[in-house]
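K.L.:
What follows is a single structure, and I will ask about it in a moment.
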2 protein chains.
Amino acid sequence: MKTIDGLTTEEERAAAIFRALGNPARIRIVTELARRNACVAGDLVDVLPLAQSTVSQHLKVLKEAGIVRGVTNGDNACYCLEPDVVRWLAAFCTDICCPPGLGESLSANAVCCD
Amino acid sequence: MKTIDGLTTEEERAAAIFRALGNPARIRIVTELARRNACVAGDLVDVLPLAQSTVSQHLKVLKEAGIVRGVTNGDNACYCLEPDVVRWLAAFCTDICCPPGLGESLSANAVCCD
DNA sequence: GGTTTGCTTCGTAAAATTACGATGGACGGA
DNA sequence: TCCGTCCATCGTAATTTTACGAAGCAAACC
């Protein structure tokens with residue numbers, strides 16, 4: 001991907017978060033973390049049909065995107081969602097639905113090109 | 001990416017939508033469509049610091065993910081958001097925030113591994 | 001000290017993504 | 001009919017992603 005001047009850091013940030021979620025395995029990880037509130041890495045490996053090293057890499061991607069936090073307490077590593085980032089994501093998506101200043105735009109049945 | 005049996009189509013679908021949004025240029029396109037409600041392709045090219053063919057490809061990606069709808073009326077092509085998909089996306093993100101059955105989970109200040 | 005356990009990081013091959021210019025096709029105007 | 005405009009698609013090169021096994025590393029256990 002080209003590093004584009006014309007695009008804001010806000011957009012870059014949004015894209016980075018979306019890209020991190022753009023993989024079924026990572027979606028599963030995130031939903032699992034949402035469901036269980038926190039999770040040992042090994043439990044996530046059990047849930048996914050992937051090699052342990054691959055899951056570890058996916059966790060790294062999520063961590064680098066700021067979606068997930070991980071702490072290594074002694075023997076095993078524990079992960080959970082980063083609440084602020086998840087909330088930011090939800091707000092961003094809601095804004096696309098109903099951009100501020102446009103009333104309910106998509107809430108109505110907007111049709112293409114009228 | 002490996003096609004994984006152990007993952008649901010729901011997860012695949014979510015990942016496909018997120019992946020489609022995982023690019024700054026496409027984020028810009030989507031926000032622009034949200035702001036203007038509908039857009040001629042050429043206007044999007046003007047807004048983005050990218051070649052026309054590249055923008056067209058980005059639009060194709062968004063269309064294939066179902067996020068965007070495009071109609072070609074005579075000379076120029078007009079695009080707009082697909083309201084249902086955008087709403088689905090917002091709902092998905094909100095669910096991660098507050099998974100059903102877990103009360104307000106992340107609404108409180110959840111901390112990692114307590 | 002030596003092993004096992006749990007996880008991360010490295011190295012690598014295959015596949016996908018990103019961007020561009022060039023080409024092509026449909027429509028409208030001179 | 002011949003251009004010009006608008007847009008999609010093709011072909012291509014560079015980069016990124018994905019997944020795996022191998023290797024490394026720290027804590028726990030014998």
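Naming works like this for the structure tokens: A, B, ... for the chains as they're shown, residue 1 at the start of each chain, ligands 1 onward in shown order.
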If the cut-off is 6 Å, can you tell me the residues of chain B near chain A, counting only C-alpha atoms? I'd like them as a short mmCIF file (atom, residue, chain, number, x, y, z; two decimals) with N, CA and C atoms, in the first residue's frame.

P.N.:
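Dumped everything to iface.cif:
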data_model
loop_
_atom_site.label_atom_id
_atom_site.label_comp_id
_atom_site.auth_asym_id
_atom_site.auth_seq_id
_atom_site.Cartn_x
_atom_site.Cartn_y
_atom_site.Cartn_z
N GLY B 6 -13.20 -24.66 10.51
CA GLY B 6 -13.68 -24.41 11.87
C GLY B 6 -14.28 -23.05 12.09
N GLU B 11 -18.48 -15.39 10.58
CA GLU B 11 -17.16 -14.83 10.84
C GLU B 11 -16.45 -14.47 9.54
N GLU B 12 -16.61 -15.32 8.55
CA GLU B 12 -16.02 -15.04 7.24
C GLU B 12 -16.59 -13.74 6.68
N ALA B 15 -15.27 -10.75 8.55
CA ALA B 15 -13.88 -10.50 8.18
C ALA B 15 -13.79 -9.87 6.80
N PHE B 18 -14.68 -6.22 7.11
CA PHE B 18 -13.60 -5.47 7.77
C PHE B 18 -12.40 -5.32 6.85
N ARG B 19 -12.09 -6.40 6.14
CA ARG B 19 -10.93 -6.34 5.25
C ARG B 19 -11.15 -5.29 4.16
N LEU B 21 -12.71 -2.64 4.46
CA LEU B 21 -12.55 -1.31 5.06
C LEU B 21 -11.12 -1.08 5.53
N GLY B 22 -10.27 -2.05 5.36
CA GLY B 22 -8.93 -1.98 5.93
C GLY B 22 -7.93 -1.28 5.04
N ASN B 23 -8.34 -0.18 4.48
CA ASN B 23 -7.46 0.60 3.60
C ASN B 23 -7.87 2.08 3.66
N PRO B 24 -6.93 2.94 3.91
CA PRO B 24 -7.25 4.35 4.11
C PRO B 24 -8.06 4.95 2.95
N ALA B 34 -20.87 8.55 2.93
CA ALA B 34 -21.76 8.78 4.06
C ALA B 34 -22.12 10.26 4.14
N ALA B 38 -24.50 10.14 -1.83
CA ALA B 38 -24.24 9.47 -3.10
C ALA B 38 -23.18 10.26 -3.84
N PRO B 49 -5.90 10.99 -3.69
CA PRO B 49 -4.63 11.22 -4.38
C PRO B 49 -4.15 9.96 -5.09
N CYS B 80 -23.28 4.65 -3.82
CA CYS B 80 -23.77 5.01 -2.49
C CYS B 80 -23.58 3.83 -1.55
N PRO B 83 -27.19 0.52 2.92
CA PRO B 83 -27.58 0.82 4.30
C PRO B 83 -27.61 -0.41 5.20
N ALA B 90 -22.30 -1.81 12.14
CA ALA B 90 -22.39 -1.06 13.39
C ALA B 90 -22.90 -1.96 14.52
N CYS B 93 -20.12 -4.33 15.73
CA CYS B 93 -19.15 -3.65 16.59
C CYS B 93 -19.73 -3.37 17.97
N THR B 94 -20.98 -3.00 17.99
CA THR B 94 -21.63 -2.75 19.27
C THR B 94 -21.71 -4.03 20.09
N ILE B 96 -19.60 -6.47 20.06
CA ILE B 96 -18.30 -6.75 20.63
C ILE B 96 -18.11 -5.92 21.90
N LEU B 106 -17.92 -4.45 28.65
CA LEU B 106 -16.90 -3.43 28.40
C LEU B 106 -17.35 -2.03 28.75
N CYS B 112 -7.71 -6.35 32.28
CA CYS B 112 -7.23 -7.61 31.74
C CYS B 112 -6.91 -8.60 32.86
N CYS B 113 -7.49 -9.76 32.78
CA CYS B 113 -7.10 -10.89 33.61
C CYS B 113 -7.19 -10.61 35.10
#

K.L.:
When you get a sec, could you note down which chain C residues fall within 12 Å of chain A, using only C-alpha atoms (C1' of nucleotides), as a ChimeraX atom specification?

P.N.:
/C:5-10,17-20

K.L.:
Could you write those residues out with C-alpha atoms (C1' of nucleotides), as a PDB file, in the first residue's frame?

P.N.:
ATOM      1  C1'  DT C   5       5.178 -26.420  29.559  1.00  0.00           C
ATOM      2  C1'  DG C   6       3.415 -22.223  27.381  1.00  0.00           C
ATOM      3  C1'  DC C   7       4.235 -18.889  24.463  1.00  0.00           C
ATOM      4  C1'  DT C   8       6.915 -15.764  21.230  1.00  0.00           C
ATOM      5  C1'  DT C   9       9.922 -15.033  17.406  1.00  0.00           C
ATOM      6  C1'  DC C  10      12.393 -16.512  13.155  1.00  0.00           C
ATOM      7  C1'  DT C  17      -3.088  -6.801  -2.050  1.00  0.00           C
ATOM      8  C1'  DT C  18      -1.874  -2.321  -3.918  1.00  0.00           C
ATOM      9  C1'  DA C  19      -0.841   0.815  -7.329  1.00  0.00           C
ATOM     10  C1'  DC C  20       0.102   2.247 -11.915  1.00  0.00           C
TER      11       DC C  20
END

K.L.:
Considering only C-alpha atoms (C1' of nucleotides), give me a table of residues in chain D that are at most 10 Å from chain B, with the closest atom pair and distance in Å for each, as a tab-separated table.

P.N.:
residue	atom	partner	partner_atom	distance
D:DT5	C1'	B:Asp75	CA	8.3
D:DC6	C1'	B:Asn76	CA	5.7
D:DC7	C1'	B:Asn76	CA	7.0
D:DA8	C1'	B:Ser56	CA	7.2
D:DT9	C1'	B:Ser53	CA	8.9
D:DT17	C1'	B:Met1	CA	7.7
D:DT18	C1'	B:Met1	CA	4.9
D:DA19	C1'	B:Lys2	CA	7.4

K.L.:
Step one, run DSSP on the backbone; step two, keep only residues of stretch 18-53 of chain B assigned to alpha helix (DSSP H); then write them as a count of residues only.

P.N.:
25

K.L.:
Quick one: everything within 10 Å of C:DG11, counting only C-alpha atoms (C1' of nucleotides), minus sequence neighbours fewer than 4 positions away in the same chain. Send it as number ranges by chain.

P.N.:
D: 21-23

K.L.:
Based on the backbone DSSP call, show me all residues of stretch 18-107 of chain A assigned strand (DSSP E), as a ChimeraX atom specification.

P.N.:
/A:39-40,68-73,76-81

K.L.:
Suppose we keep C-alpha atoms; can you now write the selection as a compact mmCIF listing (two decimals), in the first residue's frame?

P.N.:
# COMPACT_ATOMS: atom_id res chain seq x y z
CA CYS A 39 -8.58 -15.47 27.81
CA VAL A 40 -5.34 -17.42 28.18
CA VAL A 68 -6.20 -6.28 22.35
CA ARG A 69 -4.06 -6.12 25.46
CA GLY A 70 -1.88 -8.99 26.66
CA VAL A 71 -0.10 -9.61 29.91
CA THR A 72 2.25 -12.48 30.64
CA ASN A 73 1.81 -13.49 34.23
CA ASN A 76 0.90 -18.22 30.50
CA ALA A 77 -0.22 -15.13 28.62
CA CYS A 78 -3.62 -13.59 29.20
CA TYR A 79 -5.44 -11.45 26.68
CA CYS A 80 -8.42 -9.14 26.77
CA LEU A 81 -9.99 -6.46 24.64

K.L.:
For D:DC30, work out the shell of residues within 12 Å, counting only C-alpha atoms (C1' of nucleotides) and skipping chain neighbours fewer than 5 positions away, then give it as a PyMOL selection string.

P.N.:
chain C and resi 1-4

K.L.:
At what distance in Å, to one decimal, does atom CA of A:Asp46 lie from atom C1' of C:DT12?

P.N.:
25.3 Å

K.L.:
Just to confirm, what's the straight-line distance from atom CA of B:Thr54 to atom C1' of C:DA22 in Å (one decimal)?

P.N.:
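Between atom CA of B:Thr54 and atom C1' of C:DA22 the gap works out to 13.3 Å.
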
K.L.:
Please report the interatomic distance between atom C1' of D:DC3 and atom C1' of C:DC27 in Å with one decimal.

P.N.:
12.1 Å
